[in-house]
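A.B. asks: Handing over data-v1.cif, mmCIF, C-alpha atoms and all ligand atoms.
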data_protein
#
loop_
_atom_site.group_PDB
_atom_site.id
_atom_site.type_symbol
_atom_site.label_atom_id
_atom_site.label_comp_id
_atom_site.auth_asym_id
_atom_site.auth_seq_id
_atom_site.Cartn_x
_atom_site.Cartn_y
_atom_site.Cartn_z
ATOM 1 C CA MET H 1 102.175 79.214 106.138
ATOM 2 C CA THR H 2 100.820 79.830 109.576
ATOM 3 C CA THR H 3 101.844 83.491 109.590
ATOM 4 C CA THR H 4 98.833 84.776 107.670
ATOM 5 C CA ASP H 5 97.708 87.215 110.297
ATOM 6 C CA THR H 6 100.288 87.304 113.007
ATOM 7 C CA TRP H 7 101.334 90.667 111.542
ATOM 8 C CA ASP H 8 101.149 93.470 114.040
ATOM 9 C CA PRO H 9 101.403 96.875 112.352
ATOM 10 C CA ALA H 10 102.620 98.588 115.539
ATOM 11 C CA THR H 11 105.475 96.119 116.108
ATOM 12 C CA TYR H 12 106.456 96.218 112.451
ATOM 13 C CA ASP H 13 106.529 100.028 112.445
ATOM 14 C CA ARG H 14 109.045 100.304 115.307
ATOM 15 C CA PHE H 15 111.997 100.538 112.922
ATOM 16 C CA LYS H 16 110.241 102.617 110.324
ATOM 17 C CA ALA H 17 113.242 104.685 109.250
ATOM 18 C CA GLU H 18 115.435 101.605 108.779
ATOM 19 C CA ARG H 19 112.705 99.819 106.837
ATOM 20 C CA THR H 20 111.971 102.848 104.660
ATOM 21 C CA GLN H 21 115.517 103.303 103.336
ATOM 22 C CA PRO H 22 115.577 100.099 101.205
ATOM 23 C CA PHE H 23 112.208 101.126 99.767
ATOM 24 C CA LEU H 24 113.632 104.512 98.770
ATOM 25 C CA ASP H 25 116.654 102.755 97.267
ATOM 26 C CA LEU H 26 114.267 100.566 95.284
ATOM 27 C CA LEU H 27 112.370 103.600 93.986
ATOM 28 C CA ALA H 28 115.676 105.108 92.896
ATOM 29 C CA LEU H 29 116.106 102.176 90.491
ATOM 30 C CA LEU H 30 112.933 103.015 88.548
ATOM 31 C CA ALA H 31 113.278 104.468 85.073
ATOM 32 C CA PRO H 32 110.998 107.421 84.238
ATOM 33 C CA PHE H 33 107.573 106.404 82.928
ATOM 34 C CA PRO H 34 106.374 107.918 79.633
ATOM 35 C CA SER H 35 102.946 108.556 81.163
ATOM 36 C CA ALA H 36 101.267 108.213 84.553
ATOM 37 C CA PRO H 37 101.854 104.531 85.339
ATOM 38 C CA ARG H 38 99.479 101.820 86.493
ATOM 39 C CA VAL H 39 101.054 100.247 89.550
ATOM 40 C CA VAL H 40 100.639 97.174 91.709
ATOM 41 C CA ASP H 41 102.339 96.951 95.116
ATOM 42 C CA LEU H 42 102.331 93.323 96.205
ATOM 43 C CA GLY H 43 102.540 92.681 99.955
ATOM 44 C CA CYS H 44 101.780 96.367 100.554
ATOM 45 C CA GLY H 45 101.447 96.040 104.338
ATOM 46 C CA THR H 46 100.126 99.170 106.050
ATOM 47 C CA GLY H 47 100.100 101.027 102.719
ATOM 48 C CA GLU H 48 102.254 103.860 104.003
ATOM 49 C CA LEU H 49 105.008 103.183 101.480
ATOM 50 C CA THR H 50 102.436 102.395 98.788
ATOM 51 C CA ARG H 51 101.074 105.900 99.246
ATOM 52 C CA LEU H 52 104.578 107.348 99.102
ATOM 53 C CA LEU H 53 105.226 105.437 95.871
ATOM 54 C CA HIS H 54 101.872 106.455 94.391
ATOM 55 C CA ASP H 55 102.451 110.149 95.114
ATOM 56 C CA ARG H 56 106.120 110.185 94.159
ATOM 57 C CA ILE H 57 105.697 108.700 90.681
ATOM 58 C CA GLY H 58 102.313 110.332 90.004
ATOM 59 C CA ALA H 59 100.629 107.004 89.347
ATOM 60 C CA ALA H 60 97.355 106.926 87.431
ATOM 61 C CA ARG H 61 96.175 104.045 89.539
ATOM 62 C CA THR H 62 97.838 102.016 92.231
ATOM 63 C CA LEU H 63 96.562 98.813 93.743
ATOM 64 C CA GLY H 64 98.095 97.578 96.991
ATOM 65 C CA ILE H 65 97.551 93.894 97.700
ATOM 66 C CA ASP H 66 98.167 92.124 100.982
ATOM 67 C CA ARG H 67 96.884 88.994 102.639
ATOM 68 C CA SER H 68 96.827 90.382 106.188
ATOM 69 C CA PRO H 69 93.508 91.959 107.205
ATOM 70 C CA ALA H 70 95.316 93.708 110.109
ATOM 71 C CA MET H 71 97.763 95.398 107.733
ATOM 72 C CA LEU H 72 94.976 96.278 105.281
ATOM 73 C CA ALA H 73 92.947 97.859 108.066
ATOM 74 C CA GLU H 74 95.815 100.342 108.485
ATOM 75 C CA ALA H 75 96.093 100.804 104.726
ATOM 76 C CA GLY H 76 92.430 101.592 104.079
ATOM 77 C CA PRO H 77 92.512 105.259 105.163
ATOM 78 C CA ARG H 78 95.489 105.846 102.838
ATOM 79 C CA ALA H 79 93.382 105.198 99.736
ATOM 80 C CA VAL H 80 93.093 108.032 97.219
ATOM 81 C CA ASP H 81 90.098 108.678 95.003
ATOM 82 C CA GLU H 82 91.007 111.675 92.859
ATOM 83 C CA PRO H 83 90.366 111.970 89.138
ATOM 84 C CA GLY H 84 93.355 110.396 87.345
ATOM 85 C CA HIS H 85 95.046 109.303 90.572
ATOM 86 C CA HIS H 86 93.370 106.331 92.185
ATOM 87 C CA LEU H 87 94.910 104.317 95.021
ATOM 88 C CA SER H 88 93.121 101.337 96.497
ATOM 89 C CA PHE H 89 93.883 98.271 98.566
ATOM 90 C CA ALA H 90 92.649 94.704 98.326
ATOM 91 C CA LEU H 91 93.048 91.374 100.045
ATOM 92 C CA GLY H 92 94.999 88.892 97.921
ATOM 93 C CA ASP H 93 97.891 86.482 97.609
ATOM 94 C CA LEU H 94 101.002 87.841 95.929
ATOM 95 C CA ALA H 95 102.093 84.322 95.013
ATOM 96 C CA ALA H 96 99.034 83.800 92.850
ATOM 97 C CA TRP H 97 98.747 87.335 91.437
ATOM 98 C CA ASP H 98 98.982 87.450 87.649
ATOM 99 C CA GLY H 99 97.129 90.644 86.813
ATOM 100 C CA GLU H 100 93.952 88.785 85.834
ATOM 101 C CA GLY H 101 90.920 90.857 86.712
ATOM 102 C CA GLU H 102 92.801 94.179 86.717
ATOM 103 C CA GLY H 103 91.215 95.024 83.360
ATOM 104 C CA GLU H 104 94.395 96.568 81.992
ATOM 105 C CA ASP H 105 98.126 95.908 81.891
ATOM 106 C CA THR H 106 100.417 97.069 84.654
ATOM 107 C CA ASP H 107 103.379 99.426 84.133
ATOM 108 C CA LEU H 108 105.067 98.696 87.454
ATOM 109 C CA VAL H 109 104.965 95.646 89.673
ATOM 110 C CA LEU H 110 106.704 96.401 92.949
ATOM 111 C CA ALA H 111 107.185 94.222 96.013
ATOM 112 C CA ASN H 112 109.105 95.557 98.983
ATOM 113 C CA ALA H 113 110.045 93.131 101.751
ATOM 114 C CA ALA H 114 107.274 90.699 100.817
ATOM 115 C CA LEU H 115 108.350 88.228 98.095
ATOM 116 C CA HIS H 116 110.500 86.245 100.539
ATOM 117 C CA TRP H 117 107.350 84.952 102.278
ATOM 118 C CA VAL H 118 106.499 82.719 99.332
ATOM 119 C CA PRO H 119 108.357 79.899 97.554
ATOM 120 C CA ASP H 120 109.038 79.348 93.853
ATOM 121 C CA HIS H 121 110.357 82.759 92.866
ATOM 122 C CA PRO H 122 110.871 81.698 89.218
ATOM 123 C CA GLY H 123 107.165 80.813 88.961
ATOM 124 C CA VAL H 124 105.943 83.880 90.866
ATOM 125 C CA LEU H 125 108.124 86.306 88.895
ATOM 126 C CA ALA H 126 106.979 84.702 85.625
ATOM 127 C CA ARG H 127 103.328 85.402 86.608
ATOM 128 C CA TRP H 128 104.103 88.997 87.595
ATOM 129 C CA THR H 129 106.040 89.520 84.371
ATOM 130 C CA ALA H 130 103.122 88.261 82.276
ATOM 131 C CA ALA H 131 100.987 91.085 83.730
ATOM 132 C CA LEU H 132 103.401 93.823 82.629
ATOM 133 C CA ALA H 133 102.679 96.077 79.669
ATOM 134 C CA PRO H 134 105.419 96.551 77.031
ATOM 135 C CA GLY H 135 108.158 98.649 78.645
ATOM 136 C CA GLY H 136 106.796 97.740 82.086
ATOM 137 C CA GLN H 137 109.072 97.574 85.107
ATOM 138 C CA LEU H 138 109.568 95.160 87.976
ATOM 139 C CA ALA H 139 111.126 96.300 91.267
ATOM 140 C CA VAL H 140 111.676 93.953 94.186
ATOM 141 C CA GLN H 141 113.485 94.106 97.503
ATOM 142 C CA VAL H 142 113.964 91.023 99.688
ATOM 143 C CA PRO H 143 115.928 90.501 102.892
ATOM 144 C CA ALA H 144 118.882 88.138 102.611
ATOM 145 C CA ASN H 145 119.975 87.926 106.224
ATOM 146 C CA ALA H 146 119.029 84.359 107.134
ATOM 147 C CA ASP H 147 122.610 83.414 107.986
ATOM 148 C CA HIS H 148 122.936 86.069 110.717
ATOM 149 C CA PRO H 149 122.604 84.869 114.361
ATOM 150 C CA SER H 150 119.506 87.091 114.677
ATOM 151 C CA HIS H 151 117.802 84.429 112.574
ATOM 152 C CA THR H 152 119.788 81.235 113.136
ATOM 153 C CA LEU H 153 119.397 81.521 116.929
ATOM 154 C CA ILE H 154 115.608 81.486 116.621
ATOM 155 C CA ALA H 155 115.845 78.225 114.660
ATOM 156 C CA GLU H 156 118.092 76.852 117.407
ATOM 157 C CA LEU H 157 115.853 77.936 120.306
ATOM 158 C CA VAL H 158 112.691 76.340 118.967
ATOM 159 C CA THR H 159 114.422 72.941 119.178
ATOM 160 C CA GLU H 160 115.059 73.432 122.922
ATOM 161 C CA GLU H 161 112.871 72.722 125.972
ATOM 162 C CA PRO H 162 110.437 73.842 127.177
ATOM 163 C CA PHE H 163 109.580 75.354 123.807
ATOM 164 C CA VAL H 164 109.831 72.351 121.498
ATOM 165 C CA SER H 165 107.350 70.260 123.524
ATOM 166 C CA ALA H 166 104.898 73.135 123.793
ATOM 167 C CA LEU H 167 104.643 74.001 120.098
ATOM 168 C CA THR H 168 101.126 73.616 118.772
ATOM 169 C CA ALA H 169 102.502 72.905 115.280
ATOM 170 C CA PRO H 170 105.938 72.810 113.673
ATOM 171 C CA VAL H 171 107.486 76.266 113.283
ATOM 172 C CA ASP H 172 107.560 77.278 109.652
ATOM 173 C CA PRO H 173 111.137 77.404 108.377
ATOM 174 C CA ASP H 174 112.719 80.840 107.980
ATOM 175 C CA PRO H 175 111.232 81.940 104.652
ATOM 176 C CA VAL H 176 114.334 83.928 103.780
ATOM 177 C CA ALA H 177 116.490 80.834 104.207
ATOM 178 C CA VAL H 178 114.292 78.624 102.060
ATOM 179 C CA ASN H 179 112.821 81.012 99.490
ATOM 180 C CA VAL H 180 115.313 83.763 98.682
ATOM 181 C CA LEU H 181 117.686 83.079 95.789
ATOM 182 C CA ARG H 182 121.221 84.384 95.362
ATOM 183 C CA PRO H 183 121.581 87.763 93.625
ATOM 184 C CA GLU H 184 123.096 86.166 90.515
ATOM 185 C CA GLN H 185 120.131 83.798 90.267
ATOM 186 C CA TYR H 186 117.743 86.768 90.128
ATOM 187 C CA ALA H 187 119.932 88.267 87.390
ATOM 188 C CA GLU H 188 119.689 85.032 85.386
ATOM 189 C CA LEU H 189 115.970 84.851 86.001
ATOM 190 C CA LEU H 190 115.374 88.392 84.750
ATOM 191 C CA GLY H 191 117.384 87.492 81.654
ATOM 192 C CA ASP H 192 115.353 84.300 81.120
ATOM 193 C CA LEU H 193 112.098 86.248 81.547
ATOM 194 C CA GLY H 194 113.080 88.628 78.744
ATOM 195 C CA TYR H 195 113.875 91.824 80.663
ATOM 196 C CA GLU H 196 115.921 94.050 78.338
ATOM 197 C CA ALA H 197 117.517 96.061 81.147
ATOM 198 C CA GLN H 198 118.224 95.018 84.707
ATOM 199 C CA HIS H 199 119.968 95.935 87.939
ATOM 200 C CA VAL H 200 120.573 93.426 90.732
ATOM 201 C CA ARG H 201 122.552 94.104 93.875
ATOM 202 C CA LEU H 202 123.209 92.892 97.390
ATOM 203 C CA GLN H 203 123.318 95.788 99.826
ATOM 204 C CA VAL H 204 124.317 95.729 103.478
ATOM 205 C CA TYR H 205 122.308 98.147 105.609
ATOM 206 C CA ALA H 206 123.923 99.238 108.886
ATOM 207 C CA HIS H 207 121.291 99.430 111.605
ATOM 208 C CA HIS H 208 122.417 101.228 114.734
ATOM 209 C CA LEU H 209 120.776 99.541 117.705
ATOM 210 C CA ALA H 210 121.131 100.499 121.371
ATOM 211 C CA GLY H 211 122.746 97.164 122.148
ATOM 212 C CA THR H 212 123.081 93.560 121.023
ATOM 213 C CA ALA H 213 119.905 92.401 122.765
ATOM 214 C CA ALA H 214 117.896 95.005 120.841
ATOM 215 C CA VAL H 215 118.222 92.740 117.805
ATOM 216 C CA ALA H 216 115.273 90.906 119.399
ATOM 217 C CA ASP H 217 113.185 94.066 119.056
ATOM 218 C CA TRP H 218 113.954 94.089 115.345
ATOM 219 C CA THR H 219 113.039 90.456 114.691
ATOM 220 C CA ALA H 220 109.905 90.744 116.868
ATOM 221 C CA GLY H 221 108.143 92.419 113.941
ATOM 222 C CA THR H 222 109.200 89.958 111.276
ATOM 223 C CA THR H 223 110.766 86.539 111.673
ATOM 224 C CA MET H 224 109.401 86.010 115.211
ATOM 225 C CA THR H 225 105.866 86.034 113.790
ATOM 226 C CA ARG H 226 106.468 82.385 112.823
ATOM 227 C CA VAL H 227 107.227 81.460 116.422
ATOM 228 C CA ARG H 228 104.386 83.485 117.938
ATOM 229 C CA ALA H 229 101.981 81.612 115.667
ATOM 230 C CA VAL H 230 102.697 78.247 117.323
ATOM 231 C CA LEU H 231 104.229 78.933 120.753
ATOM 232 C CA PRO H 232 101.766 79.329 123.655
ATOM 233 C CA ALA H 233 101.711 82.960 124.763
ATOM 234 C CA ASP H 234 102.748 82.166 128.338
ATOM 235 C CA LEU H 235 106.118 80.886 127.056
ATOM 236 C CA LEU H 236 106.883 83.944 124.957
ATOM 237 C CA PRO H 237 108.560 85.959 127.755
ATOM 238 C CA GLU H 238 110.905 83.042 128.515
ATOM 239 C CA PHE H 239 111.652 82.569 124.833
ATOM 240 C CA ASP H 240 112.406 86.269 124.458
ATOM 241 C CA ALA H 241 114.709 86.311 127.493
ATOM 242 C CA ARG H 242 116.671 83.278 126.294
ATOM 243 C CA TYR H 243 116.897 84.693 122.798
ATOM 244 C CA ARG H 244 118.312 87.998 124.093
ATOM 245 C CA ALA H 245 120.822 86.209 126.322
ATOM 246 C CA ARG H 246 121.915 83.979 123.416
ATOM 247 C CA LEU H 247 122.335 86.996 121.129
ATOM 248 C CA VAL H 248 124.642 88.603 123.670
ATOM 249 C CA ALA H 249 126.570 85.338 124.158
ATOM 250 C CA VAL H 250 127.132 84.878 120.430
ATOM 251 C CA LEU H 251 127.559 88.475 119.242
ATOM 252 C CA GLY H 252 129.090 89.981 122.362
ATOM 253 C CA ASP H 253 127.591 92.541 124.724
ATOM 254 C CA ARG H 254 127.994 95.575 122.486
ATOM 255 C CA GLN H 255 126.373 98.922 123.219
ATOM 256 C CA PRO H 256 125.648 100.278 120.726
ATOM 257 C CA TYR H 257 125.439 97.360 118.339
ATOM 258 C CA LEU H 258 125.738 97.791 114.579
ATOM 259 C CA TYR H 259 123.369 95.231 113.097
ATOM 260 C CA PRO H 260 124.458 94.488 109.513
ATOM 261 C CA PHE H 261 121.430 93.565 107.434
ATOM 262 C CA LYS H 262 121.801 92.185 103.904
ATOM 263 C CA ARG H 263 119.133 92.833 101.318
ATOM 264 C CA ILE H 264 118.794 92.080 97.615
ATOM 265 C CA LEU H 265 117.335 94.768 95.372
ATOM 266 C CA PHE H 266 116.452 93.952 91.800
ATOM 267 C CA TRP H 267 114.856 95.830 88.932
ATOM 268 C CA GLY H 268 114.073 94.999 85.313
ATOM 269 C CA ARG H 269 112.382 96.659 82.337
ATOM 270 C CA ARG H 270 110.493 94.793 79.610
ATOM 271 C CA PRO H 271 111.123 95.560 75.939
ATOM 272 C CA SER H 272 108.804 98.309 74.643
HETATM 273 C C1 LIG H 301 107.531 93.037 105.854
HETATM 274 S S1 LIG H 301 105.905 93.531 105.403
HETATM 275 C C2 LIG H 301 106.243 94.732 104.110
HETATM 276 C C3 LIG H 301 105.098 95.651 103.877
HETATM 277 C C4 LIG H 301 105.371 96.780 102.871
HETATM 278 N N1 LIG H 301 105.668 96.272 101.546
HETATM 279 C C5 LIG H 301 106.475 97.675 103.369
HETATM 280 O O1 LIG H 301 107.535 97.695 102.739
HETATM 281 O O2 LIG H 301 106.285 98.337 104.376
HETATM 282 C C6 LIG H 301 105.435 92.081 104.478
HETATM 283 C C7 LIG H 301 103.989 92.092 104.065
HETATM 284 O O3 LIG H 301 103.805 91.020 103.135
HETATM 285 C C8 LIG H 301 102.524 90.469 103.371
HETATM 286 N N2 LIG H 301 102.487 89.123 102.790
HETATM 287 C C9 LIG H 301 103.214 88.046 103.157
HETATM 288 N N3 LIG H 301 102.896 86.996 102.376
HETATM 289 C C10 LIG H 301 101.958 87.426 101.509
HETATM 290 C C11 LIG H 301 101.235 86.810 100.458
HETATM 291 N N4 LIG H 301 101.425 85.520 100.125
HETATM 292 N N5 LIG H 301 100.352 87.553 99.761
HETATM 293 C C12 LIG H 301 100.137 88.862 100.074
HETATM 294 N N6 LIG H 301 100.800 89.494 101.070
HETATM 295 C C13 LIG H 301 101.700 88.793 101.776
HETATM 296 C C14 LIG H 301 102.365 90.517 104.872
HETATM 297 O O4 LIG H 301 101.008 90.431 105.251
HETATM 298 C C15 LIG H 301 103.003 91.859 105.200
HETATM 299 O O5 LIG H 301 102.061 92.899 105.211
#
When written as structure tokens, how does the structure in this file appear?

C.D. replies:
Amino acid sequence: MTTTDTWDPATYDRFKAERTQPFLDLLALLAPFPSAPRVVDLGCGTGELTRLLHDRIGAARTLGIDRSPAMLAEAGPRAVDEPGHHLSFALGDLAAWDGEGEGEDTDLVLANAALHWVPDHPGVLARWTAALAPGGQLAVQVPANADHPSHTLIAELVTEEPFVSALTAPVDPDPVAVNVLRPEQYAELLGDLGYEAQHVRLQVYAHHLAGTAAVADWTAGTTMTRVRAVLPADLLPEFDARYRARLVAVLGDRQPYLYPFKRILFWGRRPS
């Protein structure tokens, strides 16, 4: 992927409240832990939600892993070094993570809004599962909104001039479109991986935006990172203007605009 460090913490944080709710819904799926758990948060980003998780469940140790140095730079100050409650952050690839080198098993593997960036979810989830202690839990949230015009219009625009001729490399495909499975496939996968209890659901989040064109502000922090990585900066304003106009043409000029955003939340617990 070319998106390794096109993450901009400030842009991503613009819709903090909307992005926090699915995380809280994911936490609500967790079963109580018999003792202070050992946690890994894969694709932890700025670490703000990692810290919330760490504090809320009273984790013994939490490790946040991300592959973006810019995100980790924000996360660093959120580390905790108290006796019995250690939170740290490290550079790493969630696709390859298998718990090797952690020194001990993990009681919770959590990934919020991050797994969709990598392919082969059966393989990745098998590696994460292998790192779980008996009774360990897995909690994952992925967007599932690739079929909304907010995303399909970006795919359309990059095939148009003057953008297509100016690209410095092919635009990576929308990771949600190519990587995210259907909810029932995650349910089957959790069954195949031996989870004794599970919960899988598709949830539609209603995001209240000022108007239709504001959808472009939302995608600026996520899916547009793929375009910014390969489109010369001087063409970005024109791309943004055409994108906003196309959104209004397709979705109507609505003010406010209710942006429906589908997400898949899934949770599983290993046999004790
Ligand atoms: C949408 S942000 C979510 C951050 C955080 N989990 C949250 O909920 O606020 C996605 C994060 O996944 C990270 N990421 C994407 N692919 C990754 C990979 N292969 N390995 C590690 N981190 C990755 C990005 O750098 C980014 O910080």

A.B. asks: Taking the file as shown, what set of residues would the PyMOL selection byres (((chain H and resi 272) around 10) and not hetatm) give back, as a list in words?

C.D. replies: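 With the shown file as input, the PyMOL selection byres (((chain H and resi 272) around 10) and not hetatm) matches Ala133, Pro134, Gly135, Gly136, Glu196, Arg269, Arg270 and Pro271 of chain H.
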
A.B. asks: What residues come out when you apply the PyMOL selection byres (((chain H and resi 109) around 12) and not hetatm) to this file, written as a VMD selection string?

C.D. replies: chain H and resid 26 to 27 30 37 to 44 50 53 62 to 65 94 97 to 99 105 to 108 110 to 112 115 124 to 133 135 to 141 266 to 270

A.B. asks: Please, what is the axis-aligned box for every listed atom of ligand LIG 301 (chain H) with 3 Å on each side, as centre and edge lengths in Å to one decimal, as AutoDock Vina command-line options?

C.D. replies:
--center_x 103.8 --center_y 91.9 --center_z 102.8 --size_x 13.4 --size_y 18.8 --size_z 12.1

A.B. asks: For the file shown, what are the residues hit by the PyMOL selection byres (((not hetatm)) within 6 of (chain H and resi 301)), laid out as a CSV table (one decimal) with C-alpha atoms, in the coordinates of the input?

C.D. replies:
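And here's part_6.csv as it stands now:
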chain,number,residue,atom,x,y,z
H,43,GLY,CA,102.5,92.7,100.0
H,44,CYS,CA,101.8,96.4,100.6
H,45,GLY,CA,101.4,96.0,104.3
H,49,LEU,CA,105.0,103.2,101.5
H,66,ASP,CA,98.2,92.1,101.0
H,67,ARG,CA,96.9,89.0,102.6
H,68,SER,CA,96.8,90.4,106.2
H,71,MET,CA,97.8,95.4,107.7
H,92,GLY,CA,95.0,88.9,97.9
H,93,ASP,CA,97.9,86.5,97.6
H,94,LEU,CA,101.0,87.8,95.9
H,95,ALA,CA,102.1,84.3,95.0
H,112,ASN,CA,109.1,95.6,99.0
H,113,ALA,CA,110.0,93.1,101.8
H,114,ALA,CA,107.3,90.7,100.8
H,117,TRP,CA,107.4,85.0,102.3
H,118,VAL,CA,106.5,82.7,99.3

A.B. asks: Just the number, please: distance in Å from CA of His54 in chain H to CA of His199 in chain H, one decimal.

C.D. replies: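 About the pair CA of His54 in chain H and CA of His199 in chain H: they are 21.9 Å apart.
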
A.B. asks: Complete the atoms of range 214-222 of chain H to all heavy atoms and put them out as a compact mmCIF listing (two decimals), in the frame of the given file.

C.D. replies:
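Listed below is the output, rebuild_22.txt:
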# COMPACT_ATOMS: atom_id res chain seq x y z
N ALA H 214 118.96 94.29 121.57
CA ALA H 214 117.90 95.00 120.84
C ALA H 214 117.62 94.38 119.47
O ALA H 214 116.62 94.72 118.83
CB ALA H 214 118.26 96.48 120.69
N VAL H 215 118.50 93.48 119.04
CA VAL H 215 118.22 92.74 117.80
C VAL H 215 116.87 92.02 117.93
O VAL H 215 116.12 91.88 116.97
CB VAL H 215 119.36 91.72 117.52
CG1 VAL H 215 118.97 90.74 116.43
CG2 VAL H 215 120.64 92.47 117.14
N ALA H 216 116.55 91.60 119.17
CA ALA H 216 115.27 90.91 119.40
C ALA H 216 114.08 91.83 119.15
O ALA H 216 113.00 91.36 118.80
CB ALA H 216 115.23 90.35 120.82
N ASP H 217 114.28 93.13 119.35
CA ASP H 217 113.18 94.07 119.06
C ASP H 217 112.95 94.14 117.55
O ASP H 217 111.83 94.30 117.08
CB ASP H 217 113.52 95.47 119.59
CG ASP H 217 113.70 95.46 121.10
OD1 ASP H 217 113.03 94.64 121.76
OD2 ASP H 217 114.52 96.25 121.61
N TRP H 218 114.06 94.05 116.81
CA TRP H 218 113.95 94.09 115.34
C TRP H 218 113.20 92.86 114.84
O TRP H 218 112.23 92.97 114.09
CB TRP H 218 115.36 94.15 114.73
CG TRP H 218 115.31 94.13 113.24
CD1 TRP H 218 115.12 93.01 112.46
CD2 TRP H 218 115.39 95.24 112.34
NE1 TRP H 218 115.08 93.37 111.13
CE2 TRP H 218 115.25 94.72 111.04
CE3 TRP H 218 115.59 96.61 112.54
CZ2 TRP H 218 115.29 95.54 109.92
CZ3 TRP H 218 115.63 97.42 111.41
CH2 TRP H 218 115.48 96.89 110.12
N THR H 219 113.63 91.67 115.25
CA THR H 219 113.04 90.46 114.69
C THR H 219 111.62 90.22 115.23
O THR H 219 110.88 89.44 114.64
CB THR H 219 113.93 89.23 114.98
OG1 THR H 219 114.24 89.21 116.38
CG2 THR H 219 115.20 89.26 114.17
N ALA H 220 111.26 90.91 116.32
CA ALA H 220 109.90 90.74 116.87
C ALA H 220 108.84 91.05 115.82
O ALA H 220 107.77 90.43 115.80
CB ALA H 220 109.71 91.66 118.08
N GLY H 221 109.14 92.00 114.92
CA GLY H 221 108.14 92.42 113.94
C GLY H 221 108.15 91.60 112.67
O GLY H 221 107.29 91.79 111.81
N THR H 222 109.11 90.70 112.54
CA THR H 222 109.20 89.96 111.28
C THR H 222 109.33 88.46 111.53
O THR H 222 108.34 87.76 111.64
CB THR H 222 110.39 90.46 110.43
OG1 THR H 222 111.58 90.40 111.23
CG2 THR H 222 110.18 91.87 109.96
